[in-house]
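> One structure is given below, represented as structure tokens, and several questions about it will come after.
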Amino acid sequence: MCGRYASTRSPQELAPLFQVPDVPAKETLAPNWNVAPTNDVWAVLERAPRGEEDTDAVRRELRPLRWGLVPSWAKDVKAGARMINARVETVHEKPAYRRAFTRRRCLLPADGFYEWEQIKDPATGKARKQPYFIHPQDEQVMALAGLYEYWRDPAVQQDDDPAAWLMTCTIITTEATDAAGRVHPRMPLALTPDHYDAWLDPEHQDPDELRALLGQPAEGHLQARPVSTAVNNVRNNGPHLLDEHHA
């Protein structure tokens with residue numbers, strides 16, 4: 001699974017990388033070295049404004065979404081905390097993700113992600129979990145394949161009130177390869193730039209063609225380094241979390 005990642009690039013850095021025409025003027029998120037479920041995260045997506053379903057109105061945006069997908073039919077937002085990942089093997093079939101997979105796909109920019117390996121502590125002989133930061137060898141941004149969904153808050157009466165609609169997202173995961181596979185069996189699926197347009201296009205709705213875009217993650221060029229267990233606590237944040245640390 002992917003339960004934590006780092007996303008520290010600013011909207012000004014991300015917009016040109018993903019050909020987003022307008023940099024968000026508001027809602028700026030702080031750099032986050034310890035992104036956790038229910039945090040707001042930057043997402044790249046293409047959509048028409050609500051009520052303007054005409055395809056001419058579709059535009060590419062960079063906007064904050066809450067991590068942890070809340071299906072439109074959920075009774076409350078608590079469901080999202082469990083839906084941070086969607087398995088690539090079944091994402092096109094599961095009721096919570098099926099419609100989003102055909103219509104509402106996004107990219108979640110990341111510097112890298114964390115995974116934990118079960119190891120034996122040489123000092124105590126006891127088992128413990130060693131965190132690793134896994135990132136592209138060339139330090140380029142990772143574009144994690146994601147889905148997003150709208151949830152209507154029944155507590156808000158007016159449909160046109162921005163508070164009436166919550167936008168949430170999930171990260172698609174796959175079998176781990178390369179450095180990540182030595183640490184953990186699952187990992188987030190990153191897309192290469194040549195697949196960004198097809199993945200984001202809401203008119204592209206053929207499940208088989210979409211699944212064909214989800215190939216080898218990050219082309220396998222990943223590095224993993226052990227980091228401090230400080231990342232285990234969601235309250236810890238800062239660039240020191242990425243420092244190499246051996247117990």
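Identifiers in the structure tokens: chain A, B, ... in order shown; residue index from 1 per chain; ligand index from 1 in order shown.
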Just want the 10 Å neighbourhood of segment 127-138 of chain A, counted on only C-alpha atoms, with same-chain residues fewer than 4 positions away dropped. Output as a PyMOL selection string.
chain A and resi 4-6+110-122+142+179-180+183-184+187+218-232+241-247
> What would the file look like if the residues just selected were written as a short mmCIF file (atom, residue, chain, number, x, y, z; two decimals), in the first residue's frame with N, CA and C atoms?

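File part_18.cif, as written:
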```
data_model
loop_
_atom_site.label_atom_id
_atom_site.label_comp_id
_atom_site.auth_asym_id
_atom_site.auth_seq_id
_atom_site.Cartn_x
_atom_site.Cartn_y
_atom_site.Cartn_z
N ARG A 4 1.93 6.91 3.17
CA ARG A 4 2.59 8.20 3.40
C ARG A 4 3.43 8.55 2.17
N TYR A 5 3.49 9.82 1.85
CA TYR A 5 4.41 10.25 0.80
C TYR A 5 4.86 11.68 1.05
N ALA A 6 5.77 12.16 0.22
CA ALA A 6 6.27 13.53 0.34
C ALA A 6 5.87 14.30 -0.91
N ALA A 110 4.36 13.82 -6.42
CA ALA A 110 5.07 13.39 -5.21
C ALA A 110 6.58 13.43 -5.46
N ASP A 111 7.33 13.68 -4.40
CA ASP A 111 8.79 13.58 -4.48
C ASP A 111 9.22 12.12 -4.30
N GLY A 112 8.40 11.36 -3.61
CA GLY A 112 8.67 9.97 -3.32
C GLY A 112 7.68 9.50 -2.27
N PHE A 113 7.80 8.25 -1.85
CA PHE A 113 6.85 7.70 -0.88
C PHE A 113 7.60 6.87 0.15
N TYR A 114 6.93 6.59 1.25
CA TYR A 114 7.51 5.81 2.35
C TYR A 114 6.91 4.41 2.37
N GLU A 115 7.76 3.44 2.68
CA GLU A 115 7.28 2.08 2.97
C GLU A 115 8.07 1.55 4.16
N TRP A 116 7.51 0.54 4.80
CA TRP A 116 8.12 -0.02 6.01
C TRP A 116 8.47 -1.49 5.79
N GLU A 117 9.67 -1.87 6.22
CA GLU A 117 10.12 -3.25 6.11
C GLU A 117 10.25 -3.86 7.50
N GLN A 118 9.73 -5.06 7.66
CA GLN A 118 9.84 -5.77 8.94
C GLN A 118 11.27 -6.32 9.06
N ILE A 119 11.99 -5.88 10.07
CA ILE A 119 13.37 -6.36 10.26
C ILE A 119 13.57 -6.78 11.71
N LYS A 120 14.67 -7.49 11.97
CA LYS A 120 15.01 -7.86 13.34
C LYS A 120 16.04 -6.86 13.85
N ASP A 121 15.73 -6.24 14.98
CA ASP A 121 16.64 -5.26 15.57
C ASP A 121 17.87 -6.00 16.11
N PRO A 122 19.08 -5.70 15.59
CA PRO A 122 20.27 -6.44 16.04
C PRO A 122 20.58 -6.23 17.52
N MET A 142 7.35 12.51 -9.19
CA MET A 142 6.56 11.33 -9.51
C MET A 142 5.11 11.77 -9.70
N ALA A 179 13.71 -1.24 -6.37
CA ALA A 179 14.06 -0.97 -4.97
C ALA A 179 12.86 -1.11 -4.05
N ALA A 180 11.68 -0.68 -4.53
CA ALA A 180 10.50 -0.75 -3.67
C ALA A 180 10.13 -2.18 -3.34
N VAL A 183 11.46 -3.78 -0.26
CA VAL A 183 10.97 -3.24 1.01
C VAL A 183 9.55 -3.70 1.30
N HIS A 184 8.68 -3.64 0.29
CA HIS A 184 7.26 -3.87 0.52
C HIS A 184 6.64 -4.41 -0.77
N MET A 187 3.16 -0.85 -4.08
CA MET A 187 3.67 0.50 -4.20
C MET A 187 2.71 1.33 -5.04
N ALA A 218 7.13 4.02 -12.64
CA ALA A 218 8.34 4.85 -12.64
C ALA A 218 9.46 4.22 -13.47
N GLU A 219 9.07 3.37 -14.42
CA GLU A 219 10.04 2.68 -15.27
C GLU A 219 11.08 1.91 -14.47
N GLY A 220 10.76 1.63 -13.21
CA GLY A 220 11.66 0.83 -12.39
C GLY A 220 12.86 1.56 -11.83
N HIS A 221 13.05 2.85 -12.17
CA HIS A 221 14.26 3.56 -11.75
C HIS A 221 14.05 4.24 -10.40
N LEU A 222 14.05 3.43 -9.36
CA LEU A 222 13.80 3.95 -8.02
C LEU A 222 14.95 3.61 -7.09
N GLN A 223 15.13 4.47 -6.08
CA GLN A 223 16.10 4.20 -5.02
C GLN A 223 15.38 4.20 -3.69
N ALA A 224 15.86 3.40 -2.76
CA ALA A 224 15.28 3.34 -1.42
C ALA A 224 16.38 3.59 -0.40
N ARG A 225 16.11 4.47 0.55
CA ARG A 225 17.09 4.68 1.61
C ARG A 225 16.39 4.63 2.96
N PRO A 226 17.04 4.02 3.96
CA PRO A 226 16.43 3.97 5.28
C PRO A 226 16.38 5.37 5.89
N VAL A 227 15.28 5.66 6.55
CA VAL A 227 15.11 6.95 7.22
C VAL A 227 14.67 6.72 8.66
N SER A 228 14.64 7.80 9.41
CA SER A 228 14.31 7.73 10.83
C SER A 228 12.86 7.34 11.06
N THR A 229 12.59 6.70 12.17
CA THR A 229 11.21 6.35 12.53
C THR A 229 10.40 7.60 12.90
N ALA A 230 11.00 8.77 12.83
CA ALA A 230 10.26 10.01 13.09
C ALA A 230 9.07 10.14 12.14
N VAL A 231 9.19 9.56 10.94
CA VAL A 231 8.10 9.66 9.97
C VAL A 231 6.86 8.90 10.44
N ASN A 232 7.03 7.99 11.38
CA ASN A 232 5.89 7.21 11.87
C ASN A 232 4.83 8.10 12.52
N LEU A 241 13.11 14.47 7.58
CA LEU A 241 12.51 13.13 7.49
C LEU A 241 13.09 12.32 6.33
N LEU A 242 13.68 13.01 5.34
CA LEU A 242 14.24 12.32 4.18
C LEU A 242 15.69 11.94 4.37
N ASP A 243 16.30 12.37 5.46
CA ASP A 243 17.72 12.08 5.69
C ASP A 243 17.94 10.59 5.90
N GLU A 244 19.05 10.08 5.36
CA GLU A 244 19.37 8.68 5.55
C GLU A 244 19.66 8.42 7.03
N HIS A 245 19.11 7.34 7.54
CA HIS A 245 19.24 7.06 8.97
C HIS A 245 19.35 5.54 9.16
N HIS A 246 20.42 5.11 9.77
CA HIS A 246 20.59 3.70 10.08
C HIS A 246 20.47 3.52 11.60
N ALA A 247 19.66 2.56 11.99
CA ALA A 247 19.46 2.31 13.43
C ALA A 247 20.74 1.81 14.07
#
```
> Which residues are close to Leu144 of chain A, i.e. within 7 Å by only C-alpha atoms, leaving aside same-chain residues fewer than 6 positions away? Reply as a ChimeraX atom specification.
/A:107-110,171,188-191
> Those same residues, written as a PDB file, in the first residue's frame with all heavy atoms?

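The result, stored in part.pdb:
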```pdb
ATOM      1  N   LEU A 107      -3.688  12.995 -11.347  1.00  0.00           N
ATOM      2  CA  LEU A 107      -2.292  12.718 -11.035  1.00  0.00           C
ATOM      3  C   LEU A 107      -1.966  13.417  -9.728  1.00  0.00           C
ATOM      4  O   LEU A 107      -2.379  14.569  -9.507  1.00  0.00           O
ATOM      5  CB  LEU A 107      -1.373  13.242 -12.142  1.00  0.00           C
ATOM      6  CG  LEU A 107      -1.517  12.577 -13.513  1.00  0.00           C
ATOM      7  CD1 LEU A 107      -0.729  13.345 -14.556  1.00  0.00           C
ATOM      8  CD2 LEU A 107      -1.080  11.115 -13.465  1.00  0.00           C
ATOM      9  N   LEU A 108      -1.250  12.736  -8.850  1.00  0.00           N
ATOM     10  CA  LEU A 108      -0.882  13.293  -7.554  1.00  0.00           C
ATOM     11  C   LEU A 108       0.635  13.445  -7.514  1.00  0.00           C
ATOM     12  O   LEU A 108       1.357  12.454  -7.427  1.00  0.00           O
ATOM     13  CB  LEU A 108      -1.378  12.372  -6.430  1.00  0.00           C
ATOM     14  CG  LEU A 108      -2.904  12.154  -6.461  1.00  0.00           C
ATOM     15  CD1 LEU A 108      -3.302  10.999  -5.570  1.00  0.00           C
ATOM     16  CD2 LEU A 108      -3.650  13.416  -6.060  1.00  0.00           C
ATOM     17  N   PRO A 109       1.137  14.677  -7.642  1.00  0.00           N
ATOM     18  CA  PRO A 109       2.583  14.891  -7.671  1.00  0.00           C
ATOM     19  C   PRO A 109       3.230  14.521  -6.340  1.00  0.00           C
ATOM     20  O   PRO A 109       2.727  14.867  -5.263  1.00  0.00           O
ATOM     21  CB  PRO A 109       2.721  16.396  -7.934  1.00  0.00           C
ATOM     22  CG  PRO A 109       1.385  16.828  -8.481  1.00  0.00           C
ATOM     23  CD  PRO A 109       0.386  15.930  -7.835  1.00  0.00           C
ATOM     24  N   ALA A 110       4.361  13.819  -6.419  1.00  0.00           N
ATOM     25  CA  ALA A 110       5.072  13.387  -5.215  1.00  0.00           C
ATOM     26  C   ALA A 110       6.576  13.430  -5.459  1.00  0.00           C
ATOM     27  O   ALA A 110       7.036  13.242  -6.588  1.00  0.00           O
ATOM     28  CB  ALA A 110       4.650  11.970  -4.820  1.00  0.00           C
ATOM     29  N   ILE A 171      -5.016   6.783  -4.345  1.00  0.00           N
ATOM     30  CA  ILE A 171      -3.830   6.459  -5.131  1.00  0.00           C
ATOM     31  C   ILE A 171      -3.933   5.002  -5.597  1.00  0.00           C
ATOM     32  O   ILE A 171      -4.242   4.114  -4.801  1.00  0.00           O
ATOM     33  CB  ILE A 171      -2.546   6.648  -4.300  1.00  0.00           C
ATOM     34  CG1 ILE A 171      -2.321   8.138  -4.003  1.00  0.00           C
ATOM     35  CG2 ILE A 171      -1.325   6.056  -5.013  1.00  0.00           C
ATOM     36  CD1 ILE A 171      -1.171   8.402  -3.030  1.00  0.00           C
ATOM     37  N   PRO A 188       2.778   2.674  -4.931  1.00  0.00           N
ATOM     38  CA  PRO A 188       1.942   3.515  -5.782  1.00  0.00           C
ATOM     39  C   PRO A 188       2.391   3.431  -7.232  1.00  0.00           C
ATOM     40  O   PRO A 188       3.571   3.223  -7.513  1.00  0.00           O
ATOM     41  CB  PRO A 188       2.159   4.923  -5.221  1.00  0.00           C
ATOM     42  CG  PRO A 188       3.475   4.866  -4.537  1.00  0.00           C
ATOM     43  CD  PRO A 188       3.600   3.473  -4.002  1.00  0.00           C
ATOM     44  N   LEU A 189       1.461   3.604  -8.135  1.00  0.00           N
ATOM     45  CA  LEU A 189       1.752   3.485  -9.556  1.00  0.00           C
ATOM     46  C   LEU A 189       1.969   4.886 -10.132  1.00  0.00           C
ATOM     47  O   LEU A 189       1.091   5.748 -10.045  1.00  0.00           O
ATOM     48  CB  LEU A 189       0.575   2.796 -10.245  1.00  0.00           C
ATOM     49  CG  LEU A 189       0.900   2.010 -11.505  1.00  0.00           C
ATOM     50  CD1 LEU A 189      -0.164   0.971 -11.772  1.00  0.00           C
ATOM     51  CD2 LEU A 189       1.082   2.915 -12.698  1.00  0.00           C
ATOM     52  N   ALA A 190       3.147   5.120 -10.681  1.00  0.00           N
ATOM     53  CA  ALA A 190       3.469   6.419 -11.262  1.00  0.00           C
ATOM     54  C   ALA A 190       3.399   6.336 -12.785  1.00  0.00           C
ATOM     55  O   ALA A 190       3.796   5.340 -13.379  1.00  0.00           O
ATOM     56  CB  ALA A 190       4.866   6.859 -10.821  1.00  0.00           C
ATOM     57  N   LEU A 191       2.876   7.395 -13.395  1.00  0.00           N
ATOM     58  CA  LEU A 191       2.776   7.449 -14.844  1.00  0.00           C
ATOM     59  C   LEU A 191       3.945   8.235 -15.439  1.00  0.00           C
ATOM     60  O   LEU A 191       4.452   9.176 -14.823  1.00  0.00           O
ATOM     61  CB  LEU A 191       1.472   8.126 -15.270  1.00  0.00           C
ATOM     62  CG  LEU A 191       0.177   7.351 -15.032  1.00  0.00           C
ATOM     63  CD1 LEU A 191      -1.007   8.150 -15.538  1.00  0.00           C
ATOM     64  CD2 LEU A 191       0.207   6.003 -15.716  1.00  0.00           C
TER      65      LEU A 191
END
```
> Could you state the separation of atom CA of His92 of chain A and atom CA of Gly215 of chain A in Å, given to one decimal place?
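Computing it gives 15.1 Å between the two atoms.
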> As JSON, numbers by chain, please: the residues near segment 55-72 of chain A (cut-off 9 Å, only C-alpha atoms, same-chain neighbours under 5 positions excluded).
{"A": [11, 14, 15, 18, 19, 20, 21, 22, 23, 24, 27, 28, 29, 35, 36, 37, 38, 39, 40, 41, 42, 43, 44, 45, 46, 47, 48, 49, 77, 78, 79, 80, 81, 82, 83, 84, 85, 95, 96, 97, 147, 148, 149, 150, 151, 152, 166, 167, 168, 169, 170, 171, 200, 201, 202, 203]}
> From the set A:Glu89, A:Val141, A:Gly238, A:Pro31, which residue has the shortest atom-to-atom contact distance to Leu17 of chain A, counting only C-alpha atoms?
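Ranked by minimum distance to Leu17 of chain A, first place goes to A:Val141.
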> Of the candidates A:Ala86, A:Ala198, A:Cys2, A:Ala74, which shows the shortest atom-to-atom distance to Asp153 of chain A, using only C-alpha atoms?
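Under the stated criterion, the closest residue is A:Ala74.
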> Using backbone DSSP assignments, extract all alpha helix (DSSP H) residues from segment 49-198 of chain A; output them as an MDAnalysis selection string.
chainID A and resid 98:103 178:183 196:198
> Keeping only N, CA, C and O atoms, write the selected residues to a file as a short mmCIF file (atom, residue, chain, number, x, y, z; two decimals), in the first residue's frame.

```
data_model
loop_
_atom_site.label_atom_id
_atom_site.label_comp_id
_atom_site.auth_asym_id
_atom_site.auth_seq_id
_atom_site.Cartn_x
_atom_site.Cartn_y
_atom_site.Cartn_z
N ARG A 98 -15.18 2.26 -9.59
CA ARG A 98 -15.45 1.94 -11.00
C ARG A 98 -15.81 3.17 -11.83
O ARG A 98 -15.25 3.39 -12.90
N ARG A 99 -16.73 3.99 -11.33
CA ARG A 99 -17.14 5.18 -12.10
C ARG A 99 -16.02 6.20 -12.17
O ARG A 99 -15.80 6.83 -13.21
N ALA A 100 -15.31 6.39 -11.08
CA ALA A 100 -14.21 7.34 -11.09
C ALA A 100 -13.12 6.90 -12.06
O ALA A 100 -12.49 7.73 -12.73
N PHE A 101 -12.90 5.59 -12.18
CA PHE A 101 -11.87 5.09 -13.08
C PHE A 101 -12.18 5.46 -14.54
O PHE A 101 -11.27 5.75 -15.32
N THR A 102 -13.45 5.45 -14.91
CA THR A 102 -13.78 5.78 -16.29
C THR A 102 -13.94 7.28 -16.52
O THR A 102 -13.80 7.73 -17.66
N ARG A 103 -14.19 8.06 -15.46
CA ARG A 103 -14.51 9.48 -15.68
C ARG A 103 -13.66 10.48 -14.90
O ARG A 103 -13.55 11.63 -15.33
N ASP A 178 11.71 -3.29 -8.46
CA ASP A 178 12.98 -2.61 -8.23
C ASP A 178 13.22 -2.40 -6.73
O ASP A 178 12.96 -3.29 -5.93
N ALA A 179 13.71 -1.24 -6.37
CA ALA A 179 14.06 -0.97 -4.97
C ALA A 179 12.86 -1.11 -4.05
O ALA A 179 12.97 -1.60 -2.93
N ALA A 180 11.68 -0.68 -4.53
CA ALA A 180 10.50 -0.75 -3.67
C ALA A 180 10.13 -2.18 -3.34
O ALA A 180 9.67 -2.49 -2.25
N GLY A 181 10.34 -3.09 -4.29
CA GLY A 181 9.97 -4.48 -4.08
C GLY A 181 10.77 -5.17 -2.99
O GLY A 181 10.32 -6.15 -2.40
N ARG A 182 11.96 -4.66 -2.73
CA ARG A 182 12.77 -5.24 -1.65
C ARG A 182 12.25 -4.83 -0.28
O ARG A 182 12.59 -5.45 0.72
N VAL A 183 11.46 -3.78 -0.26
CA VAL A 183 10.97 -3.24 1.01
C VAL A 183 9.55 -3.70 1.30
O VAL A 183 9.22 -4.10 2.42
N TYR A 196 0.41 11.19 -19.51
CA TYR A 196 -0.38 12.14 -18.72
C TYR A 196 -1.68 12.53 -19.43
O TYR A 196 -2.77 12.50 -18.83
N ASP A 197 -1.58 12.93 -20.70
CA ASP A 197 -2.75 13.46 -21.41
C ASP A 197 -3.87 12.42 -21.51
O ASP A 197 -5.04 12.73 -21.25
N ALA A 198 -3.51 11.19 -21.90
CA ALA A 198 -4.53 10.16 -22.06
C ALA A 198 -5.17 9.80 -20.71
O ALA A 198 -6.38 9.56 -20.64
#
```
> Mind the document's chain letters and residue numbers, and return as a PyMOL selection string the residues of segment 101-176 of chain A that DSSP labels strand (DSSP E).
chain A and resi 105-110+112-120+127-136+142-152+165-175
> Measuring between only C-alpha atoms, which one of A:Val91, A:Arg235, A:Trp33, A:Leu213 shows the shortest distance to Thr173 of chain A?
A:Val91
> Rounded to one decimal in Å, what is the spacing between atom CA of Ala25 of chain A and atom CA of Asp160 of chain A?
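These two atoms are separated by 21.3 Å.
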> For a test of reading the model, state the distance in Å between atom CA of Asn34 of chain A and atom CA of Thr174 of chain A, rounded to one decimal.
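Computed distance, atom CA of Asn34 of chain A to atom CA of Thr174 of chain A, equals 21.2 Å.
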> Determine the nearest neighbour of Glu139 of chain A from the options A:Arg104, A:Pro185, A:Arg9, A:Ala164, counting only C-alpha atoms.
A:Arg9
